[in-house]
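Asks: My questions will all concern the structure given below.
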Amino acid sequence: MICDSDLAREFWELGKSDSCPIYDMHGHMGRWQGIYFPRAETEQMIGTMDECGVRLLVFSHHDALLAPDIGNRSAVEAVRKYPDRLRAYCVVNPNYPDRAMADIVTYEQNRDAYVGLKFLPDYHGLPLTHGDYRAAWEFAAEGELLVLTHTWKDSELDGPATIRTVAERYPRVKLLLGHSCHGDWDAAVSLARDFPNIYLELTAVFDDRGVIEKFAGEVGSHRMLFGTDLPWFDPHHAIGVLLSAAISDEDRHNICHRNAETLLEPFLRANMLEEAIHDHETS
Amino acid sequence: MADKSPEPTHFFDCNVFVGSPAYQRPLLPVPKAGALLAEMDRAGVDRALVWHIAQHDASPQAGNRLVVEAIRPHERLTGCWAVLPTQTRELAPAPLLFRQMREARVGALRIFPSVHKFVANGVSLGALFGELVDRRIPLFVSVRRGMDWPDVYALLEDFPDLVCVICDHGSWGMDRLFRPLLERYQNVHVDTSQYLLDGGIDDLVTVYGERRLLFGSGFPESYFGGMMLALRHARISDQAKAAVAAGNLERLLAGAEL
Ligand SMILES: [Zn+2]
C-alpha cells in the first residue's frame, strides 16, 4: 500500500482523495515533437485529472511553446471550455518580442484564463536575463503574477545563477522553479532559502529518490508545488512518490493543494472554482 | 464512493539494485539487503530481482559475488548477474556458469557494454548468448546504464529470439524507440521503471498485450510507490495488472533452463 498513512490508504483504494485535491501547477496540452502521447487532447487530460483527483491544472500549451504561429490561443480556448478545471500560463517566446508584447497587451482581455507567464529558456535559446524578456518580467512584477520558468542545473539560460539574478531583480514576482533546477538540488534549496518569492515545482523531480525528503527537510513543504508536465507524466506516479517519500501527510497536503490554493487565490475569482465544481457535480 | 480498485495479487520487482555507487553518493543509499527488505515491506513489494551496483561500477566479478552474499539469507530476493564477452575468459564458461547461477539462486543476467568496453553483438557474445537463447535465460539491459538504443537494436538483430527486458528506457518519450522492438521481436519486454507517460501502461497493454510489460521500480534511484500506484489504477484488466505486477517476471524466470 506504499506506506502506512490515511492518505496512502485513500489513494491506494480510490486513486484520489476528497480531503487532498491535487493542484497540478505545471502542465501542458497537445502534441510535442519528441514524444508519443496517448492522452494529449483536452478531454483526455480531463479524464486523467478525474481519475487522479486533480482539481485544477495550470498549463502552457505545447503549441504556444513550439509553434509561434499558433501562440496562446489554444490555451485560452481550453480554459474557457473547462473554467472549473483549467488555468493557463501565457507563454512568452523572446524570439518574437513583438508577438510577446502583443500577448502582454491582450493579457487583460484573457485575465479569466491566465494566472501568469511561462518561460522556456533552454528551448527558446535566450537567458532569462536577456533584454527581450524584460517587458514580460516587468509586467509580471507589476501584476504580482506567477511566473513558471523551466530551470535546469548548469544551464546558462535558466540555471541557478541566472535564477538568482532575476529573483533579486523581481522580488514581487511569484517565481515557480519548474523542475527545481533539476539535478542541482543544493542550488534549489539555497535559492528557496534566500528568496521568499521562490517556490520549488516538482515535475520530473519525482523520479529521483530522496529529493522530496531533502526539500521538505531543508526548505519546508510550504514551498513545494505538485507538477507533472501532463500529458507527459501520470499524476498517479507523482502521488505514489509523495506517498513513498518519508514525509508526513501534512507535508503531502501542503505540496498537493494548500500552497497552490494560496498562490492561486488572487487569480481565481472568489469562489468561482468551488461554485463551478458544485454546479458540475449537481448537474 | 468509487468502487474499490482490485489489488494486484502481489508485486515482484524486476529492476532493483543494492550497494553503494562509486561515482556519486546517493541521497538515500541502500547498501545492504536488510535495508532493501525494510523498504520493500514498507511499500508492500513482495519479491525482487536484484543486481549489485558494483557489477557495473567495479567489476562483474566483485559485484556478482556481492549480490550472492546479499540475497543468500532472503528467499524473497532473486539474484541477477553481469556477464562479459567470453574471449577474455574472465567468468566461468557456459555450462558451469549456469550451474553456479542455479546454486546461488541467480535467475537472470545483465550486460553493461559501454562501461565494460565491449560491443553487444554476435561477434562478441555469440558463444554465450546462443546458449541464453536456447535456454531462455532472461537478459536485462538498462538504457540508463550501459547501453544506448543502437546497441539494443544491434544486439537483437543478432539474437532475435533472446528473452530480453529493456529497463530504464527513459521518461521523456521512448515509445518510438522501443515499440518497433516489441513488434519485431516476440521475446522482448520493457519494464515500468521510467514509463511515467500518462496513459502509457494502458496503451501498451492494449496494443501489445499484458505479457510484454514488467513491473520494475528502478529502486533505489526511484521509489517503489510511483509506478505501483500508476499500475494499480491503470485502465487495464485485473488479470493484466497481476501479470505486469508479478506474473510476467515469474514466468520468465521459471522458463529459464539453468
Ligand atoms: Zn514543462
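Order determines the names: the first chain of the C-alpha cells is A, the second B, and so forth; residues in each chain are numbered 1 upward, and ligands are numbered 1 upward as they are shown.
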Mind the document's chain letters and residue numbers, and return as a ChimeraX atom specification the residues of range 40-189 of chain A that DSSP labels helix (DSSP H, G or I).
Replies: /A:42-52,62-66,73-81,97-105,107-110,121-124,131-143,160-169,185-189
Asks: Write out as a list in words which residues come within 10 Å of Ile137 in chain B when counting only C-alpha atoms, dropping same-chain ones fewer than 3 positions away.
Replies: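 Using only C-alpha atoms, the neighbours found are Phe98, Gly107, Ala108, Leu109, Phe129, Glu131, Leu132, Val133, Asp134, Phe140, Leu162, Val163, Cys164, Leu252, Leu253, Ala254, Gly255, Ala256, Glu257 and Leu258 of chain B.
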Asks: Taking all heavy atoms for each residue, export the selection above as a compact mmCIF listing (two decimals), in the first residue's frame.
Replies:
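Dumped to result23.txt:
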```
# COMPACT_ATOMS: atom_id res chain seq x y z
N PHE B 98 25.99 -21.52 -15.71
CA PHE B 98 24.57 -21.71 -15.43
C PHE B 98 24.36 -22.52 -14.15
O PHE B 98 23.41 -22.28 -13.39
CB PHE B 98 23.87 -22.38 -16.62
CG PHE B 98 24.01 -21.58 -17.90
CD1 PHE B 98 24.24 -22.22 -19.12
CD2 PHE B 98 23.92 -20.19 -17.89
CE1 PHE B 98 24.39 -21.48 -20.28
CE2 PHE B 98 24.06 -19.45 -19.05
CZ PHE B 98 24.29 -20.09 -20.26
N GLY B 107 18.79 -15.81 -11.26
CA GLY B 107 17.85 -16.25 -12.29
C GLY B 107 17.97 -15.54 -13.62
O GLY B 107 17.31 -15.91 -14.59
N ALA B 108 18.79 -14.50 -13.69
CA ALA B 108 18.84 -13.71 -14.92
C ALA B 108 20.21 -13.04 -15.02
O ALA B 108 21.01 -13.07 -14.07
CB ALA B 108 17.74 -12.65 -14.90
N LEU B 109 20.45 -12.42 -16.17
CA LEU B 109 21.75 -11.78 -16.43
C LEU B 109 21.55 -10.34 -16.88
O LEU B 109 20.48 -9.97 -17.34
CB LEU B 109 22.51 -12.56 -17.51
CG LEU B 109 22.91 -14.00 -17.14
CD1 LEU B 109 23.50 -14.71 -18.35
CD2 LEU B 109 23.92 -13.99 -15.97
N PHE B 129 25.65 -16.20 -25.79
CA PHE B 129 24.25 -15.80 -25.98
C PHE B 129 23.45 -16.82 -26.80
O PHE B 129 22.23 -16.88 -26.68
CB PHE B 129 24.18 -14.40 -26.59
CG PHE B 129 24.26 -13.31 -25.55
CD1 PHE B 129 25.15 -13.42 -24.48
CD2 PHE B 129 23.44 -12.20 -25.61
CE1 PHE B 129 25.22 -12.44 -23.50
CE2 PHE B 129 23.51 -11.21 -24.64
CZ PHE B 129 24.39 -11.32 -23.59
N GLU B 131 23.60 -19.88 -26.13
CA GLU B 131 23.09 -20.69 -25.01
C GLU B 131 21.94 -19.99 -24.29
O GLU B 131 20.97 -20.62 -23.90
CB GLU B 131 24.22 -20.95 -24.00
CG GLU B 131 25.31 -21.86 -24.52
CD GLU B 131 25.01 -23.33 -24.25
OE1 GLU B 131 24.10 -23.62 -23.45
OE2 GLU B 131 25.68 -24.18 -24.86
N LEU B 132 22.08 -18.69 -24.10
CA LEU B 132 20.99 -17.95 -23.44
C LEU B 132 19.68 -18.10 -24.21
O LEU B 132 18.61 -18.30 -23.62
CB LEU B 132 21.30 -16.45 -23.32
CG LEU B 132 22.43 -15.95 -22.45
CD1 LEU B 132 22.28 -14.46 -22.20
CD2 LEU B 132 22.51 -16.70 -21.15
N VAL B 133 19.80 -17.99 -25.52
CA VAL B 133 18.60 -18.10 -26.34
C VAL B 133 18.00 -19.50 -26.20
O VAL B 133 16.80 -19.66 -25.95
CB VAL B 133 18.93 -17.80 -27.83
CG1 VAL B 133 17.74 -18.12 -28.73
CG2 VAL B 133 19.32 -16.32 -27.99
N ASP B 134 18.86 -20.54 -26.34
CA ASP B 134 18.36 -21.91 -26.27
C ASP B 134 17.73 -22.21 -24.91
O ASP B 134 16.73 -22.92 -24.81
CB ASP B 134 19.50 -22.90 -26.51
CG ASP B 134 19.99 -22.85 -27.95
OD1 ASP B 134 19.25 -22.29 -28.79
OD2 ASP B 134 21.09 -23.35 -28.23
N PHE B 140 18.62 -8.75 -18.90
CA PHE B 140 18.11 -7.41 -18.60
C PHE B 140 19.14 -6.39 -19.06
O PHE B 140 20.32 -6.52 -18.75
CB PHE B 140 17.85 -7.26 -17.08
CG PHE B 140 16.63 -8.01 -16.64
CD1 PHE B 140 16.61 -9.40 -16.60
CD2 PHE B 140 15.48 -7.33 -16.27
CE1 PHE B 140 15.47 -10.10 -16.21
CE2 PHE B 140 14.33 -8.01 -15.88
CZ PHE B 140 14.33 -9.40 -15.84
N LEU B 162 16.22 -13.82 -28.36
CA LEU B 162 16.68 -13.61 -26.98
C LEU B 162 15.51 -13.16 -26.10
O LEU B 162 14.74 -12.28 -26.48
CB LEU B 162 17.76 -12.52 -26.99
CG LEU B 162 18.47 -12.21 -25.68
CD1 LEU B 162 19.35 -13.38 -25.25
CD2 LEU B 162 19.32 -10.94 -25.83
N VAL B 163 15.41 -13.76 -24.91
CA VAL B 163 14.45 -13.27 -23.92
C VAL B 163 15.10 -12.06 -23.24
O VAL B 163 16.11 -12.19 -22.55
CB VAL B 163 14.12 -14.36 -22.87
CG1 VAL B 163 13.17 -13.79 -21.82
CG2 VAL B 163 13.51 -15.58 -23.55
N CYS B 164 14.53 -10.91 -23.49
CA CYS B 164 15.20 -9.66 -23.13
C CYS B 164 14.20 -8.70 -22.47
O CYS B 164 13.04 -8.61 -22.89
CB CYS B 164 15.76 -9.04 -24.42
SG CYS B 164 16.61 -7.49 -24.17
N LEU B 252 9.02 -15.65 -16.81
CA LEU B 252 10.34 -15.59 -17.46
C LEU B 252 11.38 -16.36 -16.65
O LEU B 252 12.21 -17.09 -17.21
CB LEU B 252 10.79 -14.15 -17.66
CG LEU B 252 9.96 -13.28 -18.62
CD1 LEU B 252 10.66 -11.93 -18.83
CD2 LEU B 252 9.72 -13.96 -19.95
N LEU B 253 11.36 -16.18 -15.34
CA LEU B 253 12.36 -16.87 -14.50
C LEU B 253 12.11 -18.38 -14.50
O LEU B 253 13.06 -19.18 -14.57
CB LEU B 253 12.34 -16.33 -13.07
CG LEU B 253 12.79 -14.86 -12.92
CD1 LEU B 253 12.66 -14.41 -11.47
CD2 LEU B 253 14.24 -14.68 -13.39
N ALA B 254 10.83 -18.76 -14.45
CA ALA B 254 10.51 -20.19 -14.43
C ALA B 254 10.84 -20.85 -15.76
O ALA B 254 11.14 -22.05 -15.82
CB ALA B 254 9.02 -20.38 -14.10
N GLY B 255 10.83 -20.06 -16.83
CA GLY B 255 11.08 -20.62 -18.16
C GLY B 255 12.55 -20.84 -18.46
O GLY B 255 12.90 -21.50 -19.46
N ALA B 256 13.43 -20.34 -17.61
CA ALA B 256 14.88 -20.44 -17.88
C ALA B 256 15.39 -21.82 -17.46
O ALA B 256 15.09 -22.30 -16.37
CB ALA B 256 15.62 -19.35 -17.10
N GLU B 257 16.18 -22.44 -18.34
CA GLU B 257 16.80 -23.74 -18.01
C GLU B 257 18.24 -23.48 -17.58
O GLU B 257 19.11 -23.23 -18.41
CB GLU B 257 16.82 -24.64 -19.25
CG GLU B 257 15.48 -25.15 -19.67
CD GLU B 257 15.58 -25.88 -21.01
OE1 GLU B 257 16.63 -26.50 -21.28
OE2 GLU B 257 14.62 -25.77 -21.79
N LEU B 258 18.45 -23.57 -16.28
CA LEU B 258 19.81 -23.30 -15.75
C LEU B 258 20.53 -24.61 -15.44
O LEU B 258 19.93 -25.62 -15.19
CB LEU B 258 19.72 -22.42 -14.50
CG LEU B 258 19.30 -20.97 -14.77
CD1 LEU B 258 18.97 -20.25 -13.48
CD2 LEU B 258 20.41 -20.22 -15.51
```
Asks: For ligand 1, collect every residue having any atom at a distance of at most 12 Å from a ligand atom (counting only C-alpha atoms and all ligand atoms); output as a PyMOL selection string.
Replies: (chain A and resi 24-29+32+58-62+65-66+89+91+118-123+148-152+176-180+201-205+227-233) or (chain B and resi 172)
Asks: Within 8 Å of chain A, which residues belong to chain B? Use only C-alpha atoms and report them as a ChimeraX atom specification.
Replies: /B:2-5,27-28,42-44,172-176,194,196-200,203,220-230,232-233
Asks: Give the answer as one residue: which of B:Pro95, B:Pro138, B:Gly218, B:Gly130 has the shortest atom-to-atom distance to Asn248 in chain B, using only C-alpha atoms?
Replies: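 The shortest atom-to-atom distance to Asn248 in chain B comes from B:Pro138.
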Asks: Which residue is closest to Val166 in chain A? Choose from A:Asp186, A:Arg193, A:Ile198, A:Leu128 and count only C-alpha atoms.
Replies: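 Distance minimum relative to Val166 in chain A lands on A:Leu128.
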Asks: To one decimal in Å, tell me the separation between CA of Lys81 in chain A and CA of Thr106 in chain A.
Replies: 19.2 Å
Asks: To one decimal place, how far is CA of Phe118 in chain B from CA of Gly79 in chain B in Å?
Replies: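 Rounded to one decimal, the two atoms are 23.2 Å apart.
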Asks: Based on the backbone DSSP call, show me all residues of range 16-163 of chain B assigned strand (DSSP E or B), as a PyMOL selection string.
Replies: chain B and resi 16-19+30+47-52+77-82+106-110+139-142
Asks: Pull N, CA, C and O atoms from the residues just selected and write them as a CSV table (one decimal), in the first residue's frame.
Replies:
```
chain,number,residue,atom,x,y,z
B,16,VAL,N,15.8,-3.7,-9.4
B,16,VAL,CA,16.3,-3.2,-8.1
B,16,VAL,C,17.8,-3.5,-8.0
B,16,VAL,O,18.2,-4.6,-8.4
B,17,PHE,N,18.5,-2.5,-7.5
B,17,PHE,CA,19.9,-2.9,-7.1
B,17,PHE,C,20.2,-2.5,-5.6
B,17,PHE,O,19.4,-1.8,-5.0
B,18,VAL,N,21.2,-3.2,-5.1
B,18,VAL,CA,21.7,-2.8,-3.8
B,18,VAL,C,23.1,-2.4,-3.9
B,18,VAL,O,23.7,-2.6,-5.0
B,19,GLY,N,23.7,-1.8,-2.9
B,19,GLY,CA,25.1,-1.5,-2.9
B,19,GLY,C,25.3,0.0,-3.0
B,19,GLY,O,24.4,0.8,-3.3
B,30,VAL,N,21.2,2.5,-0.1
B,30,VAL,CA,20.6,1.3,0.3
B,30,VAL,C,21.8,0.2,0.1
B,30,VAL,O,21.8,-0.5,-0.9
B,47,ARG,N,8.6,-9.4,-3.7
B,47,ARG,CA,9.8,-10.0,-4.1
B,47,ARG,C,10.6,-9.1,-5.0
B,47,ARG,O,10.0,-8.2,-5.6
B,48,ALA,N,11.8,-9.4,-5.2
B,48,ALA,CA,12.6,-8.5,-6.2
B,48,ALA,C,13.7,-9.3,-6.8
B,48,ALA,O,14.3,-10.2,-6.2
B,49,LEU,N,14.0,-9.0,-8.1
B,49,LEU,CA,15.1,-9.5,-8.8
B,49,LEU,C,16.2,-8.4,-8.6
B,49,LEU,O,16.0,-7.3,-9.1
B,50,VAL,N,17.3,-8.8,-8.0
B,50,VAL,CA,18.3,-7.8,-7.5
B,50,VAL,C,19.6,-7.9,-8.2
B,50,VAL,O,20.2,-9.1,-8.3
B,51,TRP,N,20.2,-6.8,-8.6
B,51,TRP,CA,21.6,-6.8,-9.0
B,51,TRP,C,22.4,-5.9,-8.1
B,51,TRP,O,21.8,-5.3,-7.2
B,52,HIS,N,23.7,-5.9,-8.2
B,52,HIS,CA,24.5,-5.1,-7.3
B,52,HIS,C,25.2,-4.0,-8.1
B,52,HIS,O,25.8,-4.3,-9.2
B,77,LEU,N,14.4,-12.5,-2.4
B,77,LEU,CA,15.3,-11.9,-3.3
B,77,LEU,C,15.9,-12.9,-4.3
B,77,LEU,O,16.4,-14.0,-3.8
B,78,THR,N,15.8,-12.6,-5.6
B,78,THR,CA,16.5,-13.5,-6.6
B,78,THR,C,17.6,-12.7,-7.2
B,78,THR,O,17.5,-11.4,-7.4
B,79,GLY,N,18.7,-13.3,-7.5
B,79,GLY,CA,19.9,-12.6,-8.0
B,79,GLY,C,19.9,-12.4,-9.5
B,79,GLY,O,19.3,-13.2,-10.3
B,80,CYS,N,20.6,-11.4,-9.9
B,80,CYS,CA,20.9,-11.1,-11.3
B,80,CYS,C,22.4,-10.9,-11.5
B,80,CYS,O,22.9,-10.0,-10.8
B,81,TRP,N,23.1,-11.6,-12.4
B,81,TRP,CA,24.5,-11.5,-12.6
B,81,TRP,C,24.8,-10.6,-13.8
B,81,TRP,O,24.0,-10.5,-14.7
B,82,ALA,N,26.0,-10.1,-13.8
B,82,ALA,CA,26.5,-9.4,-15.0
B,82,ALA,C,27.5,-10.4,-15.7
B,82,ALA,O,28.3,-11.1,-15.1
B,106,VAL,N,20.5,-17.3,-8.7
B,106,VAL,CA,20.6,-16.2,-9.7
B,106,VAL,C,19.8,-16.6,-10.9
B,106,VAL,O,20.0,-17.7,-11.5
B,107,GLY,N,18.8,-15.8,-11.3
B,107,GLY,CA,17.8,-16.2,-12.3
B,107,GLY,C,18.0,-15.5,-13.6
B,107,GLY,O,17.3,-15.9,-14.6
B,108,ALA,N,18.8,-14.5,-13.7
B,108,ALA,CA,18.8,-13.7,-14.9
B,108,ALA,C,20.2,-13.0,-15.0
B,108,ALA,O,21.0,-13.1,-14.1
B,109,LEU,N,20.5,-12.4,-16.2
B,109,LEU,CA,21.7,-11.8,-16.4
B,109,LEU,C,21.5,-10.3,-16.9
B,109,LEU,O,20.5,-10.0,-17.3
B,110,ARG,N,22.6,-9.6,-16.7
B,110,ARG,CA,22.7,-8.2,-17.3
B,110,ARG,C,24.0,-8.0,-18.0
B,110,ARG,O,25.0,-8.7,-17.8
B,139,LEU,N,17.8,-11.8,-20.2
B,139,LEU,CA,18.8,-10.8,-20.2
B,139,LEU,C,18.1,-9.5,-19.9
B,139,LEU,O,17.2,-9.1,-20.6
B,140,PHE,N,18.6,-8.7,-18.9
B,140,PHE,CA,18.1,-7.4,-18.6
B,140,PHE,C,19.1,-6.4,-19.1
B,140,PHE,O,20.3,-6.5,-18.8
B,141,VAL,N,18.7,-5.4,-19.8
B,141,VAL,CA,19.6,-4.3,-20.2
B,141,VAL,C,19.0,-3.0,-19.8
B,141,VAL,O,17.8,-2.9,-19.6
B,142,SER,N,19.8,-2.0,-19.5
B,142,SER,CA,19.4,-0.7,-19.0
B,142,SER,C,19.8,0.3,-20.0
B,142,SER,O,21.0,0.4,-20.3
```
Asks: So that I can see what lies close to Glu77 in chain A, please list as a PyMOL selection string the residues with an atom at most 12 Å from it, counting only C-alpha atoms and leaving out residues fewer than 4 positions away in the same chain.
Replies: chain A and resi 29+42+61+71-73+81-83+86-88+110+112-114
Asks: Write out as number ranges by chain each polymer residue whose atoms come within 12 Å of range 143-150 of chain B, counting only C-alpha atoms; drop sequence neighbours fewer than 4 positions from it.
Replies: B: 53, 55-57, 82, 110-121, 154-157, 165-171, 174-181, 190-191, 193-194, 218, 221
Asks: Give me a file of those residues, with N, CA and C atoms, as a compact mmCIF listing (two decimals), in the first residue's frame.
Replies:
```txt
# COMPACT_ATOMS: atom_id res chain seq x y z
N ILE B 53 25.24 -2.80 -7.59
CA ILE B 53 25.82 -1.69 -8.34
C ILE B 53 27.30 -1.91 -8.64
N GLN B 55 28.57 -4.52 -9.81
CA GLN B 55 28.68 -5.23 -11.10
C GLN B 55 28.97 -4.24 -12.23
N HIS B 56 28.39 -3.07 -12.12
CA HIS B 56 28.58 -2.03 -13.13
C HIS B 56 29.79 -1.16 -12.81
N ASP B 57 29.85 -0.66 -11.58
CA ASP B 57 30.86 0.33 -11.22
C ASP B 57 32.25 -0.29 -11.06
N ALA B 82 26.02 -10.11 -13.83
CA ALA B 82 26.53 -9.43 -15.03
C ALA B 82 27.51 -10.36 -15.74
N ARG B 110 22.63 -9.57 -16.73
CA ARG B 110 22.69 -8.21 -17.26
C ARG B 110 24.00 -8.03 -18.01
N ILE B 111 24.04 -7.09 -18.91
CA ILE B 111 25.30 -6.65 -19.51
C ILE B 111 25.37 -5.12 -19.47
N PHE B 112 26.60 -4.62 -19.39
CA PHE B 112 26.85 -3.17 -19.37
C PHE B 112 27.94 -2.85 -20.39
N PRO B 113 27.65 -3.02 -21.67
CA PRO B 113 28.71 -2.95 -22.68
C PRO B 113 29.47 -1.63 -22.71
N SER B 114 28.81 -0.50 -22.49
CA SER B 114 29.53 0.78 -22.67
C SER B 114 30.62 0.93 -21.62
N VAL B 115 30.30 0.72 -20.36
CA VAL B 115 31.31 0.92 -19.33
C VAL B 115 32.28 -0.26 -19.26
N HIS B 116 31.84 -1.45 -19.66
CA HIS B 116 32.73 -2.62 -19.65
C HIS B 116 33.49 -2.80 -20.97
N LYS B 117 33.30 -1.86 -21.87
CA LYS B 117 34.08 -1.78 -23.11
C LYS B 117 33.99 -3.02 -23.99
N PHE B 118 32.77 -3.33 -24.44
CA PHE B 118 32.62 -4.33 -25.49
C PHE B 118 31.41 -3.98 -26.34
N VAL B 119 31.33 -4.63 -27.46
CA VAL B 119 30.22 -4.41 -28.38
C VAL B 119 29.22 -5.55 -28.19
N ALA B 120 27.98 -5.19 -27.92
CA ALA B 120 26.98 -6.22 -27.62
C ALA B 120 26.38 -6.76 -28.91
N ASN B 121 27.11 -7.67 -29.55
CA ASN B 121 26.56 -8.29 -30.76
C ASN B 121 27.05 -9.74 -30.84
N ALA B 154 21.16 -3.46 -32.27
CA ALA B 154 22.17 -4.34 -32.86
C ALA B 154 22.17 -5.70 -32.17
N LEU B 155 22.03 -5.71 -30.87
CA LEU B 155 22.01 -6.96 -30.11
C LEU B 155 20.85 -7.85 -30.56
N LEU B 156 19.68 -7.24 -30.70
CA LEU B 156 18.51 -8.04 -31.04
C LEU B 156 18.53 -8.48 -32.51
N GLU B 157 19.21 -7.71 -33.33
CA GLU B 157 19.33 -8.14 -34.72
C GLU B 157 20.12 -9.45 -34.80
N VAL B 165 14.66 -8.03 -21.42
CA VAL B 165 13.85 -6.99 -20.77
C VAL B 165 14.63 -5.68 -20.83
N ILE B 166 14.06 -4.72 -21.50
CA ILE B 166 14.70 -3.41 -21.62
C ILE B 166 14.23 -2.56 -20.44
N CYS B 167 15.18 -2.21 -19.56
CA CYS B 167 14.84 -1.45 -18.35
C CYS B 167 15.24 0.01 -18.49
N ASP B 168 14.67 0.82 -17.63
CA ASP B 168 15.07 2.23 -17.51
C ASP B 168 15.05 2.92 -18.88
N HIS B 169 14.00 2.69 -19.65
CA HIS B 169 14.04 3.17 -21.04
C HIS B 169 13.82 4.67 -21.16
N GLY B 170 13.56 5.31 -20.03
CA GLY B 170 13.56 6.78 -20.06
C GLY B 170 12.17 7.37 -20.04
N SER B 171 12.07 8.51 -19.38
CA SER B 171 10.75 9.07 -19.15
C SER B 171 10.36 10.15 -20.15
N MET B 174 9.98 7.49 -25.07
CA MET B 174 10.79 6.48 -25.73
C MET B 174 9.96 5.46 -26.52
N ASP B 175 8.67 5.66 -26.61
CA ASP B 175 7.83 4.66 -27.28
C ASP B 175 8.24 4.45 -28.73
N ARG B 176 8.65 5.50 -29.41
CA ARG B 176 9.04 5.35 -30.83
C ARG B 176 10.32 4.54 -30.95
N LEU B 177 11.06 4.43 -29.84
CA LEU B 177 12.29 3.65 -29.85
C LEU B 177 12.06 2.20 -29.44
N PHE B 178 11.19 1.94 -28.46
CA PHE B 178 11.05 0.54 -28.04
C PHE B 178 9.87 -0.20 -28.68
N ARG B 179 8.87 0.51 -29.15
CA ARG B 179 7.74 -0.21 -29.75
C ARG B 179 8.12 -0.98 -31.02
N PRO B 180 9.01 -0.46 -31.87
CA PRO B 180 9.41 -1.28 -33.03
C PRO B 180 10.06 -2.59 -32.60
N LEU B 181 10.78 -2.58 -31.48
CA LEU B 181 11.41 -3.81 -30.98
C LEU B 181 10.35 -4.78 -30.44
N VAL B 190 9.53 -4.68 -21.87
CA VAL B 190 10.04 -3.45 -21.26
C VAL B 190 9.58 -3.41 -19.80
N ASP B 191 10.30 -2.66 -18.98
CA ASP B 191 9.88 -2.52 -17.58
C ASP B 191 9.21 -1.16 -17.39
N SER B 193 9.93 1.10 -15.04
CA SER B 193 10.59 1.99 -14.07
C SER B 193 10.59 3.45 -14.49
N GLN B 194 10.72 3.73 -15.76
CA GLN B 194 10.63 5.14 -16.15
C GLN B 194 9.49 5.37 -17.16
N GLY B 218 13.13 0.56 -10.45
CA GLY B 218 14.36 1.35 -10.53
C GLY B 218 14.89 1.73 -9.15
N GLU B 221 17.14 4.23 -6.95
CA GLU B 221 17.20 5.56 -7.56
C GLU B 221 15.81 6.16 -7.71
```
Asks: Quick one, how far is CA of Val105 in chain A from CA of Asp132 in chain A?
Replies: 15.3 Å
Asks: So that I can see what lies close to Arg169 in chain A, please list as a ChimeraX atom specification the residues with an atom at most 10 Å from it, counting only C-alpha atoms and leaving out residues fewer than 4 positions away in the same chain.
Replies: /A:129,137-138,141,163-165,173
Asks: So which residues touch Arg235 in chain B within 10 Å, counting only C-alpha atoms, skipping near sequence neighbours fewer than 6 positions away, as a PyMOL selection string?
Replies: chain B and resi 199+201-203+205-206+241
Asks: Return the single residue from B:Pro21, B:Gly34, B:Pro160, B:Gly63 that is closest to Gly122 in chain B, with distances computed using only C-alpha atoms.
Replies: B:Pro160
Asks: Please list as a ChimeraX atom specification every residue within 12 Å of Glu218 in chain A, counting only C-alpha atoms and excluding residues in the same chain fewer than 5 positions away.
Replies: /A:185-193,200,211-213,223-224
